[in-house]
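Undergrad: The structure file query-v5.txt (compact mmCIF, C-alpha atoms) is provided below.
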# COMPACT_ATOMS: atom_id res chain seq x y z
CA MET A 28 -5.61 35.81 -5.08
CA PRO A 29 -6.21 37.96 -2.01
CA ARG A 30 -3.29 38.37 0.36
CA ILE A 31 -3.39 36.09 3.44
CA ALA A 32 -1.96 37.45 6.67
CA THR A 33 1.54 36.05 7.13
CA GLN A 34 1.03 35.49 10.83
CA ASP A 35 -2.11 33.46 10.17
CA ILE A 36 -0.14 31.15 7.88
CA VAL A 37 2.67 30.77 10.41
CA ASP A 38 0.22 30.10 13.23
CA PHE A 39 -1.54 27.41 11.21
CA MET A 40 1.73 25.73 10.22
CA ASN A 41 2.77 25.66 13.88
CA ASP A 42 -0.55 24.27 15.06
CA GLU A 43 0.27 21.21 17.17
CA CYS A 44 -2.32 19.00 15.46
CA PHE A 45 -1.15 19.96 11.98
CA PHE A 46 2.50 19.49 12.95
CA LYS A 47 1.75 15.92 14.09
CA LEU A 48 0.16 15.16 10.72
CA ARG A 49 3.13 16.47 8.75
CA THR A 50 5.49 14.43 10.94
CA GLU A 51 3.38 11.29 10.50
CA ILE A 52 3.48 11.63 6.71
CA ASP A 53 7.26 11.93 6.72
CA ARG A 54 7.82 9.00 9.07
CA GLY A 55 5.60 6.54 7.26
CA MET A 56 2.54 6.48 5.05
CA LEU A 57 -0.58 8.52 5.73
CA LEU A 58 -3.73 7.83 3.70
CA PHE A 59 -6.85 9.96 3.56
CA GLU A 60 -8.85 7.64 5.81
CA ASP A 61 -5.99 7.63 8.34
CA LEU A 62 -6.94 11.19 9.26
CA ASP A 63 -9.78 9.69 11.30
CA ARG A 64 -7.16 8.59 13.85
CA PHE A 65 -5.90 12.11 14.47
CA GLU A 66 -7.18 15.26 16.09
CA LEU A 67 -7.51 17.90 13.36
CA PRO A 68 -6.82 21.63 13.70
CA GLU A 69 -9.89 23.38 15.07
CA GLY A 70 -12.39 24.57 12.48
CA TYR A 71 -11.10 22.44 9.58
CA SER A 72 -12.72 19.43 7.98
CA LYS A 73 -10.94 16.21 7.04
CA GLU A 74 -11.20 17.10 3.33
CA GLU A 75 -9.76 20.59 3.89
CA ILE A 76 -6.80 19.31 5.89
CA TRP A 77 -6.06 16.70 3.22
CA LEU A 78 -6.03 19.36 0.49
CA ILE A 79 -3.72 21.62 2.53
CA LEU A 80 -1.35 18.73 3.29
CA THR A 81 -1.24 17.73 -0.37
CA ALA A 82 -0.58 21.30 -1.54
CA ILE A 83 2.30 21.70 0.93
CA ARG A 84 3.84 18.35 0.08
CA LYS A 85 3.74 18.98 -3.65
CA GLN A 86 6.09 21.93 -3.19
CA VAL A 87 8.99 19.47 -2.79
CA ALA A 88 7.66 16.74 -5.08
CA ILE A 89 9.63 14.64 -7.53
CA PHE A 90 7.80 14.63 -10.85
CA VAL A 91 7.68 11.29 -12.63
CA PRO A 92 9.25 11.75 -16.11
CA ASP A 93 6.84 13.64 -18.29
CA ASP A 94 4.98 11.66 -20.94
CA PRO A 95 3.58 13.51 -23.98
CA TYR A 96 0.15 11.90 -23.70
CA ARG A 97 -0.36 12.81 -20.02
CA THR A 98 -2.60 15.75 -19.15
CA ALA A 99 -2.07 15.65 -15.37
CA ASP A 100 0.96 15.69 -13.10
CA CYS A 101 2.27 12.46 -11.60
CA TRP A 102 4.54 12.97 -8.61
CA PHE A 103 5.69 11.59 -5.27
CA ILE A 104 7.60 12.66 -2.16
CA THR A 105 10.74 11.01 -0.89
CA THR A 106 9.74 10.94 2.74
CA SER A 107 12.28 9.99 5.40
CA ALA A 108 10.76 6.50 5.55
CA MET A 109 10.87 6.06 1.77
CA ALA A 110 14.46 7.29 1.53
CA PHE A 111 15.50 4.85 4.28
CA ASP A 112 13.65 1.89 2.73
CA SER A 113 15.05 2.62 -0.74
CA LYS A 114 18.60 2.80 0.60
CA MET A 115 18.13 -0.42 2.58
CA LEU A 116 16.95 -2.24 -0.55
CA GLU A 117 19.85 -0.89 -2.58
CA MET A 118 22.49 -1.81 0.00
CA ARG A 119 21.16 -5.29 0.72
CA CYS A 120 20.63 -6.11 -2.98
CA MET A 121 23.99 -4.86 -4.30
CA ALA A 122 26.27 -6.99 -6.44
CA GLY A 123 29.20 -8.32 -4.45
CA PHE A 124 27.53 -7.84 -1.08
CA PRO A 125 27.03 -10.83 1.27
CA LEU A 126 23.55 -11.85 0.11
CA ASP A 127 24.48 -11.63 -3.57
CA GLU A 128 27.61 -13.72 -3.03
CA ALA A 129 25.62 -16.31 -1.10
CA LEU A 130 23.05 -16.53 -3.91
CA VAL A 131 25.78 -16.99 -6.51
CA SER A 132 27.09 -20.02 -4.66
CA LEU A 133 23.67 -21.39 -3.70
CA LYS A 134 21.63 -20.57 -6.79
CA GLY A 135 21.20 -24.18 -7.81
CA SER A 136 19.48 -25.07 -4.56
CA PRO A 137 15.74 -25.76 -4.66
CA PHE A 138 15.38 -23.71 -1.48
CA VAL A 139 16.52 -20.67 -3.42
CA THR A 140 15.18 -21.45 -6.88
CA ARG A 141 11.75 -21.70 -5.25
CA TYR A 142 11.88 -17.90 -5.14
CA ILE A 143 12.17 -17.81 -8.92
CA GLU A 144 9.22 -20.19 -9.13
CA ARG A 145 7.17 -18.23 -6.59
CA THR A 146 7.74 -15.01 -8.52
CA LEU A 147 6.44 -16.71 -11.65
CA ALA A 148 3.43 -18.13 -9.77
CA ARG A 149 2.50 -14.66 -8.52
CA VAL A 150 2.75 -13.18 -12.00
CA LEU A 151 0.82 -16.00 -13.70
CA GLU A 152 -1.98 -15.30 -11.23
CA THR A 153 -2.33 -11.78 -12.60
CA GLU A 154 -2.41 -13.22 -16.12
CA GLY A 155 -5.48 -15.30 -15.28
CA ALA A 156 -3.50 -18.54 -15.53
CA ASP A 157 -4.56 -21.37 -13.23
CA VAL A 158 -1.33 -23.31 -12.71
CA SER A 159 -0.13 -24.93 -9.50
CA ASP A 160 3.20 -24.32 -7.80
CA GLU A 161 3.90 -28.03 -8.21
CA ARG A 162 3.45 -27.84 -11.98
CA ILE A 163 5.75 -24.81 -12.20
CA HIS A 164 8.36 -26.70 -10.18
CA GLU A 165 8.03 -29.77 -12.41
CA ILE A 166 8.64 -27.67 -15.53
CA PHE A 167 11.60 -25.95 -13.86
CA LEU A 168 13.11 -29.38 -13.27
CA GLY A 169 12.76 -30.17 -16.98
CA GLY A 170 9.48 -32.09 -16.97
CA PRO A 171 7.68 -32.70 -20.29
CA LEU A 172 5.65 -29.80 -21.72
CA GLN A 173 1.99 -30.58 -22.30
CA SER A 174 0.38 -27.24 -23.23
CA ASP A 175 1.05 -23.77 -24.60
CA LEU A 176 1.10 -22.41 -21.05
CA ASP A 177 3.75 -25.00 -20.13
CA ARG A 178 5.81 -23.71 -23.05
CA VAL A 179 5.47 -20.12 -21.78
CA ILE A 180 6.69 -21.21 -18.34
CA SER A 181 9.65 -23.03 -19.88
CA ASN A 182 10.43 -19.99 -22.05
CA TYR A 183 10.29 -17.78 -18.96
CA PHE A 184 12.96 -19.87 -17.24
CA GLU A 185 15.10 -19.79 -20.39
CA VAL A 186 14.88 -16.00 -20.68
CA SER A 187 15.55 -15.62 -16.94
CA SER A 188 18.77 -17.60 -17.32
CA ASP A 189 19.90 -15.07 -19.98
CA ALA A 190 19.20 -12.02 -17.81
CA ASP A 191 22.89 -11.27 -17.27
CA ALA A 192 23.53 -11.12 -21.02
CA LEU A 193 20.38 -9.06 -21.65
CA ALA A 194 21.49 -6.60 -18.95
CA GLN A 195 24.45 -5.65 -21.16
CA ARG A 196 22.03 -4.04 -23.63
CA GLU A 197 20.37 -0.64 -23.45
CA ILE A 198 16.73 -0.57 -22.37
CA THR A 199 15.05 0.07 -25.72
CA HIS A 200 11.92 -0.88 -27.63
CA GLY A 201 13.92 -3.70 -29.19
CA LEU A 202 14.95 -5.21 -25.87
CA ILE A 203 11.44 -5.02 -24.39
CA GLU A 204 9.91 -6.55 -27.50
CA THR A 205 12.57 -9.28 -27.45
CA LEU A 206 11.39 -10.32 -23.98
CA TYR A 207 7.82 -10.65 -25.22
CA TYR A 208 8.63 -12.57 -28.40
CA ARG A 209 10.93 -14.96 -26.58
CA LEU A 210 8.13 -15.68 -24.10
CA ILE A 211 5.70 -16.64 -26.85
CA GLU A 212 8.22 -18.57 -28.99
CA GLY A 213 6.60 -21.81 -30.12
CA VAL A 214 3.31 -20.84 -28.44
CA ASN A 215 -0.19 -20.49 -29.86
CA VAL A 216 -1.00 -17.12 -28.30
CA ASP A 217 -4.74 -17.58 -28.87
CA ALA A 218 -4.67 -20.58 -26.52
CA LEU A 219 -3.28 -18.57 -23.60
CA PRO A 220 -5.55 -17.29 -20.80
CA ARG A 221 -6.16 -13.58 -20.54
CA ARG A 222 -5.56 -11.81 -17.27
CA GLY A 223 -8.37 -10.66 -15.02
CA GLU A 224 -9.64 -7.13 -14.87
CA VAL A 225 -7.06 -4.61 -13.71
CA CYS A 226 -7.96 -1.62 -11.54
CA PRO A 227 -9.57 1.20 -13.54
CA LEU A 228 -7.29 4.20 -14.06
CA ASP A 229 -7.88 7.82 -14.93
CA PRO A 230 -7.61 8.17 -18.74
CA ARG A 231 -5.36 11.21 -18.31
CA ILE A 232 -2.44 8.97 -17.32
CA ALA A 233 -3.09 6.00 -19.60
CA PRO A 234 -0.71 5.57 -22.59
CA PRO A 235 -2.81 5.54 -25.77
CA THR A 236 -0.68 2.95 -27.58
CA SER A 237 1.77 0.17 -26.91
CA ALA A 238 4.55 2.31 -28.40
CA ALA A 239 3.71 5.17 -26.02
CA ALA A 240 3.86 2.80 -23.05
CA ILE A 241 7.26 1.47 -24.09
CA ASP A 242 8.48 5.05 -24.66
CA ALA A 243 7.49 5.86 -21.08
CA VAL A 244 9.25 2.76 -19.75
CA CYS A 245 12.45 3.66 -21.62
CA ARG A 246 12.37 7.19 -20.15
CA ARG A 247 12.25 5.74 -16.64
CA ALA A 248 15.15 3.44 -17.47
CA ARG A 249 17.53 6.40 -17.82
CA LEU A 250 19.64 6.93 -14.73
CA ASP A 251 21.52 9.88 -16.17
CA ASP A 252 18.81 12.52 -15.74
CA ASP A 253 18.92 15.38 -13.22
CA GLU A 254 16.52 13.91 -10.67
CA PHE A 255 18.86 11.87 -8.47
CA ARG A 256 16.11 11.29 -5.88
CA PHE A 257 14.24 9.13 -8.39
CA GLY A 258 16.67 6.27 -7.74
CA PRO A 259 16.99 2.85 -9.35
CA VAL A 260 14.64 0.93 -7.04
CA LEU A 261 11.88 3.52 -7.41
CA ARG A 262 12.34 3.49 -11.19
CA ILE A 263 12.04 -0.29 -11.25
CA ILE A 264 8.81 -0.10 -9.23
CA ASN A 265 7.46 2.54 -11.61
CA VAL A 266 8.40 0.50 -14.69
CA SER A 267 6.56 -2.52 -13.27
CA TRP A 268 3.48 -0.31 -12.81
CA PHE A 269 3.04 -0.02 -16.59
CA PHE A 270 3.02 -3.77 -17.13
CA TRP A 271 0.65 -4.42 -14.22
CA ASN A 272 -1.86 -1.79 -15.33
CA PHE A 273 -1.78 -1.59 -19.13
CA ASP A 274 -1.84 -3.94 -22.11
CA VAL A 275 1.52 -3.04 -23.60
CA PHE A 276 1.45 -6.37 -25.49
CA PRO A 277 -1.49 -8.57 -26.53
CA CYS A 278 -0.84 -10.88 -23.56
CA LEU A 279 1.67 -11.85 -20.85
CA ASN A 280 2.30 -8.21 -19.88
CA SER A 281 3.02 -9.02 -16.25
CA LEU A 282 5.63 -11.62 -17.24
CA VAL A 283 7.37 -9.14 -19.53
CA GLY A 284 7.35 -6.60 -16.70
CA VAL A 285 8.99 -8.97 -14.24
CA LEU A 286 11.63 -10.07 -16.76
CA LEU A 287 12.41 -6.43 -17.52
CA ARG A 288 12.61 -5.72 -13.79
CA ASN A 289 15.17 -8.51 -13.44
CA VAL A 290 17.24 -7.21 -16.35
CA MET A 291 17.23 -3.67 -14.97
CA ALA A 292 18.13 -4.84 -11.46
CA ILE A 293 21.15 -6.73 -12.80
CA LYS A 294 22.09 -3.88 -15.14
CA TRP A 295 22.13 -1.33 -12.32
CA GLY A 296 24.04 -3.53 -9.88
CA TYR A 297 21.22 -4.86 -7.67
CA PRO A 298 20.92 -8.51 -8.77
CA VAL A 299 19.34 -9.72 -5.51
CA LEU A 300 16.25 -7.63 -6.32
CA SER A 301 15.56 -9.95 -9.27
CA TRP A 302 15.06 -12.88 -6.85
CA LEU A 303 12.19 -11.27 -4.96
CA PRO A 304 8.59 -12.23 -5.72
CA VAL A 305 6.26 -9.36 -6.54
CA GLY A 306 2.47 -9.18 -6.73
CA TYR A 307 -0.19 -6.75 -7.79
CA TYR A 308 -3.44 -5.50 -6.34
CA PRO A 309 -6.22 -6.75 -6.85
CA PHE A 310 -4.81 -10.27 -7.16
CA GLY A 311 -3.86 -12.93 -4.63
CA GLU A 312 -2.19 -12.00 -1.36
CA LEU A 313 -2.27 -8.30 -2.22
CA ASP A 314 -6.05 -8.11 -2.63
CA THR A 315 -6.47 -6.52 0.81
CA PRO A 316 -8.24 -3.46 2.28
CA LEU A 317 -4.86 -1.77 2.73
CA MET A 318 -3.89 -2.19 -0.92
CA LYS A 319 -7.31 -0.95 -2.02
CA ALA A 320 -6.87 2.11 0.20
CA VAL A 321 -3.42 2.76 -1.29
CA PHE A 322 -4.84 2.46 -4.80
CA ASP A 323 -7.72 4.81 -4.00
CA ASN A 324 -5.26 7.30 -2.52
CA TRP A 325 -2.89 7.62 -5.48
CA SER A 326 -5.46 7.18 -8.24
CA VAL A 327 -7.58 10.20 -7.19
CA ASP A 328 -6.71 13.72 -8.34
CA ASP A 329 -7.69 16.29 -5.70
CA GLY A 330 -6.62 19.11 -7.97
CA PHE A 331 -2.87 18.61 -7.62
CA GLY A 332 -2.30 15.70 -10.00
CA PHE A 333 -1.66 12.12 -8.93
CA ASP A 334 0.38 11.57 -5.77
CA PHE A 335 2.19 8.21 -6.11
CA THR A 336 3.89 8.43 -2.70
CA SER A 337 1.75 5.76 -1.07
CA TYR A 338 2.21 3.43 -4.07
CA PHE A 339 6.00 3.59 -3.88
CA ALA A 340 5.97 3.38 -0.08
CA ILE A 341 3.87 0.20 0.10
CA TYR A 342 5.87 -1.60 -2.61
CA LEU A 343 9.14 -0.75 -0.90
CA LYS A 344 7.74 -2.38 2.26
CA LEU A 345 6.64 -5.44 0.29
CA TYR A 346 10.08 -5.83 -1.29
CA LEU A 347 11.79 -5.50 2.10
CA ALA A 348 9.51 -8.16 3.59
CA GLU A 349 10.37 -10.56 0.74
CA LEU A 350 14.06 -9.74 1.14
CA ASP A 351 13.87 -10.72 4.81
CA ARG A 352 12.31 -14.05 3.81
CA LEU A 353 15.03 -14.67 1.23
CA GLU A 354 17.80 -13.92 3.72
CA GLY A 355 16.25 -16.35 6.20
CA SER A 356 16.13 -19.09 3.56
CA VAL A 357 19.74 -18.47 2.55
CA GLU A 358 20.92 -18.70 6.16
CA GLN A 359 19.15 -22.03 6.57
CA LEU A 360 20.55 -23.30 3.29
CA GLN A 361 24.08 -22.35 4.26
CA GLY A 362 23.58 -24.42 7.42
CA LEU A 363 22.36 -27.33 5.29
CA ASN A 364 25.39 -27.07 3.00
CA ASP A 365 27.68 -27.29 6.02
CA LEU A 366 25.84 -30.41 7.15
CA ILE A 367 26.17 -31.95 3.67
CA GLY A 368 29.88 -31.19 3.65
CA ASP A 369 30.32 -32.85 7.04
CA ALA A 370 28.23 -35.89 6.05
CA PHE A 371 29.52 -36.52 2.53
CA GLY A 372 32.95 -34.98 2.43
CA ALA A 373 34.33 -31.54 1.71
CA ASP A 374 35.52 -32.56 -1.76
CA LEU A 375 32.03 -32.03 -3.25
CA ASN A 376 31.75 -28.81 -5.25
CA HIS A 377 28.96 -26.32 -4.57
CA ARG A 378 26.93 -27.60 -7.54
CA GLN A 379 27.04 -31.18 -6.28
CA ARG A 380 26.02 -30.00 -2.82
CA SER A 381 23.03 -28.29 -4.41
CA ILE A 382 21.99 -31.64 -5.95
CA LEU A 383 22.05 -33.31 -2.55
CA ALA A 384 20.28 -30.29 -1.04
CA ALA A 385 17.52 -30.79 -3.61
CA LEU A 386 17.08 -34.34 -2.34
CA CYS A 387 16.90 -33.06 1.25
CA LYS A 388 13.90 -31.03 0.12
CA GLU A 389 12.39 -33.73 -2.08
CA PRO A 390 13.85 -37.18 -1.28
CA ASP A 391 11.94 -38.87 -4.13
CA ALA A 392 12.67 -36.21 -6.76
CA LEU A 393 13.75 -37.17 -10.28
CA LEU A 394 16.67 -34.90 -11.16
CA ARG A 395 17.76 -34.09 -14.71
CA ILE A 396 20.98 -32.72 -16.15
CA GLY A 397 19.34 -29.98 -18.26
CA PRO A 398 17.94 -27.81 -15.44
CA HIS A 399 21.20 -28.22 -13.51
CA GLN A 400 23.13 -27.00 -16.55
CA ARG A 401 20.75 -24.08 -17.09
CA THR A 402 20.73 -22.99 -13.46
CA PHE A 403 24.51 -22.86 -13.13
CA ARG A 404 25.12 -21.75 -16.74
CA ILE A 405 27.73 -24.43 -17.33
CA ALA A 406 28.57 -26.74 -20.23
CA TYR A 407 26.49 -29.90 -20.58
CA ALA A 408 29.60 -32.03 -20.02
CA THR A 409 30.30 -30.22 -16.74
CA ALA A 410 26.71 -30.69 -15.56
CA ARG A 411 26.77 -34.35 -16.56
CA GLY A 412 30.05 -34.78 -14.71
CA ASP A 413 28.49 -33.50 -11.49
CA PHE A 414 25.85 -36.24 -11.63
CA LEU A 415 28.22 -38.98 -12.73
CA GLU A 416 30.59 -38.27 -9.85
CA LEU A 417 27.72 -38.46 -7.34
CA GLU A 418 26.62 -41.71 -8.99
CA ARG A 419 30.16 -43.09 -8.74
CA LYS A 420 30.26 -42.26 -5.03
CA GLY A 421 27.04 -44.20 -4.55
CA TYR A 422 24.85 -41.21 -3.67
CA LEU A 423 22.68 -41.29 -6.83
CA VAL A 424 21.19 -44.00 -9.01
CA ARG A 425 20.51 -43.48 -12.70
CA GLY A 426 17.26 -44.26 -14.46
CA GLN A 427 15.57 -43.32 -17.71
CA GLN A 428 12.38 -41.42 -18.45
CA GLY A 429 11.60 -41.44 -22.13
CA ARG A 430 14.91 -40.73 -23.84
CA ALA A 431 16.31 -38.66 -20.97
CA PHE A 432 18.41 -39.84 -18.06
CA VAL A 433 17.09 -39.07 -14.58
CA TYR A 434 18.78 -39.45 -11.22
CA GLN A 435 17.38 -40.31 -7.80
CA ALA A 436 18.75 -40.65 -4.32
CA CYS A 437 20.23 -44.06 -3.67
CA PRO A 438 17.68 -45.99 -1.54
CA GLU A 439 20.29 -46.52 1.19
CA LEU A 440 20.88 -42.76 1.24
CA ARG A 441 17.28 -41.64 1.52
CA GLU A 442 16.90 -41.76 5.30
CA ARG A 443 20.20 -39.97 5.80
CA ILE A 444 19.19 -37.24 3.35
CA VAL A 445 15.83 -36.71 5.05
CA SER A 446 17.45 -36.39 8.47
CA LEU A 447 19.85 -33.74 7.17
CA GLY A 448 16.99 -31.66 5.81
CA GLU A 449 15.10 -31.95 9.08
CA ALA A 450 18.17 -30.95 11.08
CA ALA A 451 18.84 -27.89 8.91
CA PHE A 452 15.27 -26.61 8.99
CA ASP A 453 14.26 -27.64 12.50
As structure tokens, please, write out the structure in this file.
TA:
Amino acid sequence: MPRIATQDIVDFMNDECFFKLRTEIDRGMLLFEDLDRFELPEGYSKEEIWLILTAIRKQVAIFVPDDPYRTADCWFITTSAMAFDSKMLEMRCMAGFPLDEALVSLKGSPFVTRYIERTLARVLETEGADVSDERIHEIFLGGPLQSDLDRVISNYFEVSSDADALAQREITHGLIETLYYRLIEGVNVDALPRRGEVCPLDPRIAPPTSAAAIDAVCRRARLDDDEFRFGPVLRIINVSWFFWNFDVFPCLNSLVGVLLRNVMAIKWGYPVLSWLPVGYYPFGELDTPLMKAVFDNWSVDDGFGFDFTSYFAIYLKLYLAELDRLEGSVEQLQGLNDLIGDAFGADLNHRQRSILAALCKEPDALLRIGPHQRTFRIAYATARGDFLELERKGYLVRGQQGRAFVYQACPELRERIVSLGEAAFD
């Protein structure tokens, strides 16, 4: 190429308008259409400035692990904003840190387990499944299963409860396939809904087979490579991308992706991340003009490959927003637990307090031993003992539904329970 005068390059790089654009990209997220908000260097079109910005940014890019089937580069930039958001997620989601310890002690509470249910509801939406939050909650509580989709939901909760054990294994084809086959255990797959149309992607980045997709996922699950800037949270977001966008399995891809995300988060020491709901454009709350603009930005190759920076940046923001919501719920629940301790005595263990907290949320709920046992990962006798002790104290009454025992708030207790819930969440 012909030599360009050095001074001309330096002058352009120091142009005040161009400097503002480079600063804006590093501080946040700049999409192609955002250039309309800025004054551009004199004599240059919007398209030309975008190409120059992209070329400069790619010089310090992190390349997503290479996949043999890909014929174009996939890369992103760890901007200052992205580095900060990634570190915030890591620190706030770490094992042993305050939020994780609070979740360990409060995990049986319906205020917290609703996050598990909401995650599932978001994912089922992408699978084309029309199921209400109430039905998901009923199945979580151990309600009777009436369809193949109900069985999938029940299986999902069972696999989720085993995430700690699964996190002891290496991320391999076998582990990923185990998640899928456990989801469809006892299910007529042909009776399941198929997810809606996903966003069309350039064929140069699409894995040609299920095996190729799983190979790519396993590559991203290796933390021992040389690219330390491609940290655990960004890898988890990238792994989820495969299951949102491609048919790795005949069905339920999004559910497999979320379960794998949870396993990886626990494996790498960020268990709180597995509590956070996640969605996908073009479905539900994320079907917005902003998400469409982000998709259009990263899915177009301007001659430099595919720049995933905006994709990672927006999902980091979404995770942080959900983390804020979770922290708020936990703070309120801790206040409720204190109120329960004051009202019913400090001798109740944290599991028994969670039972009473459930009644604060749903005073007329029918509670079963099985979900309580599964949530706290305790022996059936221990779970049964929690209920029997509350029954002995006069807080619960026992009934029967089919062949299973169910427990409800004692009628004399109901008003007191309701007032506690109102006080905690006023």
Undergrad: Mind checking which residues fall within 8 Å of Asp127 (chain A), counting all atoms listed in the file, ignoring those fewer than 5 positions away in the same chain, and posting them as a PyMOL selection string?
TA: chain A and resi 120-122+298-299
Undergrad: Could you list, as number ranges by chain, every residue within 12 Å of Leu57 (chain A), counting all atoms listed in the file and ignoring same-chain residues fewer than 3 positions away?
TA: A: 47-54, 60-65, 77, 80-81, 106, 108, 317, 320-321, 324-325, 334, 336-338, 340-341
Undergrad: Let me see the file: selected residues, C-alpha atoms, as a PDB file, keeping the file's coordinate frame.
TA:
ATOM      1  CA  LYS A  47       1.750  15.920  14.090  1.00  0.00           C
ATOM      2  CA  LEU A  48       0.160  15.160  10.720  1.00  0.00           C
ATOM      3  CA  ARG A  49       3.130  16.470   8.750  1.00  0.00           C
ATOM      4  CA  THR A  50       5.490  14.430  10.940  1.00  0.00           C
ATOM      5  CA  GLU A  51       3.380  11.290  10.500  1.00  0.00           C
ATOM      6  CA  ILE A  52       3.480  11.630   6.710  1.00  0.00           C
ATOM      7  CA  ASP A  53       7.260  11.930   6.720  1.00  0.00           C
ATOM      8  CA  ARG A  54       7.820   9.000   9.070  1.00  0.00           C
ATOM      9  CA  GLU A  60      -8.850   7.640   5.810  1.00  0.00           C
ATOM     10  CA  ASP A  61      -5.990   7.630   8.340  1.00  0.00           C
ATOM     11  CA  LEU A  62      -6.940  11.190   9.260  1.00  0.00           C
ATOM     12  CA  ASP A  63      -9.780   9.690  11.300  1.00  0.00           C
ATOM     13  CA  ARG A  64      -7.160   8.590  13.850  1.00  0.00           C
ATOM     14  CA  PHE A  65      -5.900  12.110  14.470  1.00  0.00           C
ATOM     15  CA  TRP A  77      -6.060  16.700   3.220  1.00  0.00           C
ATOM     16  CA  LEU A  80      -1.350  18.730   3.290  1.00  0.00           C
ATOM     17  CA  THR A  81      -1.240  17.730  -0.370  1.00  0.00           C
ATOM     18  CA  THR A 106       9.740  10.940   2.740  1.00  0.00           C
ATOM     19  CA  ALA A 108      10.760   6.500   5.550  1.00  0.00           C
ATOM     20  CA  LEU A 317      -4.860  -1.770   2.730  1.00  0.00           C
ATOM     21  CA  ALA A 320      -6.870   2.110   0.200  1.00  0.00           C
ATOM     22  CA  VAL A 321      -3.420   2.760  -1.290  1.00  0.00           C
ATOM     23  CA  ASN A 324      -5.260   7.300  -2.520  1.00  0.00           C
ATOM     24  CA  TRP A 325      -2.890   7.620  -5.480  1.00  0.00           C
ATOM     25  CA  ASP A 334       0.380  11.570  -5.770  1.00  0.00           C
ATOM     26  CA  THR A 336       3.890   8.430  -2.700  1.00  0.00           C
ATOM     27  CA  SER A 337       1.750   5.760  -1.070  1.00  0.00           C
ATOM     28  CA  TYR A 338       2.210   3.430  -4.070  1.00  0.00           C
ATOM     29  CA  ALA A 340       5.970   3.380  -0.080  1.00  0.00           C
ATOM     30  CA  ILE A 341       3.870   0.200   0.100  1.00  0.00           C
TER      31      ILE A 341
END
Undergrad: Using all atoms listed in the file, which of the listed residues (A:Phe331, A:Phe184, A:Phe269, A:Phe310) sits closest to Gln86 (chain A)?
TA: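 Looking only at the distances to Gln86 (chain A), the closest residue turns out to be A:Phe331.
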Undergrad: Go ahead and compute the interatomic distance for CA of Pro125 (chain A) and CA of Ala194 (chain A), in Å to one decimal.
TA: 21.4 Å
Undergrad: Would you list the contacts of Ile263 (chain A) as a PyMOL selection string, taking every protein, DNA or RNA residue within 10 Å and counting all atoms listed in the file, but skipping same-chain residues closer than 5 positions in sequence?
TA: chain A and resi 244+247-248+258+268+284-285+287-289+291-292+300
Undergrad: Please measure the separation of CA of Arg378 (chain A) and CA of Thr402 (chain A), giving the value in Å to one decimal.
TA: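 Between CA of Arg378 (chain A) and CA of Thr402 (chain A) the gap is 9.7 Å.
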Undergrad: Point out the residue among A:Lys388, A:Arg401, A:His377, A:Arg441 with the least atom-to-atom distance to Ala129 (chain A), counting all atoms listed in the file.
TA: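 Among the listed residues, the smallest separation from Ala129 (chain A) belongs to A:His377.
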Undergrad: Please measure the separation of CA of Val424 (chain A) and CA of Ile180 (chain A), giving the value in Å to one decimal.
TA: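 Distance between the two atoms: 28.6 Å.
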Undergrad: Can you work out which one of A:Ile211, A:Ala233, A:Val445, A:Met40 has the shortest atom-to-atom distance to Ala385 (chain A), counting all atoms listed in the file?
TA: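 Going through A:Ile211, A:Ala233, A:Val445, A:Met40 one by one, the smallest distance to Ala385 (chain A) is for A:Val445.
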Undergrad: I need the residue nearest Glu69 (chain A) from this list: A:Cys44, A:Val139, A:Phe90, A:Asn265. Use all atoms listed in the file for the distance.
TA: A:Cys44
Undergrad: From the set A:Leu67, A:Leu417, A:Ala451, A:Leu147, which residue has the shortest atom-to-atom contact distance to Leu383 (chain A), counting only C-alpha atoms?
TA: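 Nearest candidate to Leu383 (chain A) out of A:Leu67, A:Leu417, A:Ala451, A:Leu147: A:Leu417.
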Undergrad: Between A:Ile382, A:Ala156, A:Ile143, A:Ala436, which has the minimum distance to Ser188 (chain A) (counting all atoms listed in the file)?
TA: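 Smallest distance to Ser188 (chain A) is found for A:Ile143.
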Undergrad: Can you tell me which residues surround Ile232 (chain A) at a distance of at most 12 Å, considering only C-alpha atoms, apart from same-chain residues fewer than 3 positions away, and format the answer as a PyMOL selection string?
TA: chain A and resi 91+93-102+227-229+235+239-240+243+268-269+272-273+325-328+332-333
Undergrad: Create the file for the chosen residues now, containing C-alpha atoms and written as a short mmCIF file (atom, residue, chain, number, x, y, z; two decimals), in the frame of the given file.
TA:
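As a result, result_11.cif now contains:
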data_model
loop_
_atom_site.label_atom_id
_atom_site.label_comp_id
_atom_site.auth_asym_id
_atom_site.auth_seq_id
_atom_site.Cartn_x
_atom_site.Cartn_y
_atom_site.Cartn_z
CA VAL A 91 7.68 11.29 -12.63
CA ASP A 93 6.84 13.64 -18.29
CA ASP A 94 4.98 11.66 -20.94
CA PRO A 95 3.58 13.51 -23.98
CA TYR A 96 0.15 11.90 -23.70
CA ARG A 97 -0.36 12.81 -20.02
CA THR A 98 -2.60 15.75 -19.15
CA ALA A 99 -2.07 15.65 -15.37
CA ASP A 100 0.96 15.69 -13.10
CA CYS A 101 2.27 12.46 -11.60
CA TRP A 102 4.54 12.97 -8.61
CA PRO A 227 -9.57 1.20 -13.54
CA LEU A 228 -7.29 4.20 -14.06
CA ASP A 229 -7.88 7.82 -14.93
CA PRO A 235 -2.81 5.54 -25.77
CA ALA A 239 3.71 5.17 -26.02
CA ALA A 240 3.86 2.80 -23.05
CA ALA A 243 7.49 5.86 -21.08
CA TRP A 268 3.48 -0.31 -12.81
CA PHE A 269 3.04 -0.02 -16.59
CA ASN A 272 -1.86 -1.79 -15.33
CA PHE A 273 -1.78 -1.59 -19.13
CA TRP A 325 -2.89 7.62 -5.48
CA SER A 326 -5.46 7.18 -8.24
CA VAL A 327 -7.58 10.20 -7.19
CA ASP A 328 -6.71 13.72 -8.34
CA GLY A 332 -2.30 15.70 -10.00
CA PHE A 333 -1.66 12.12 -8.93
#
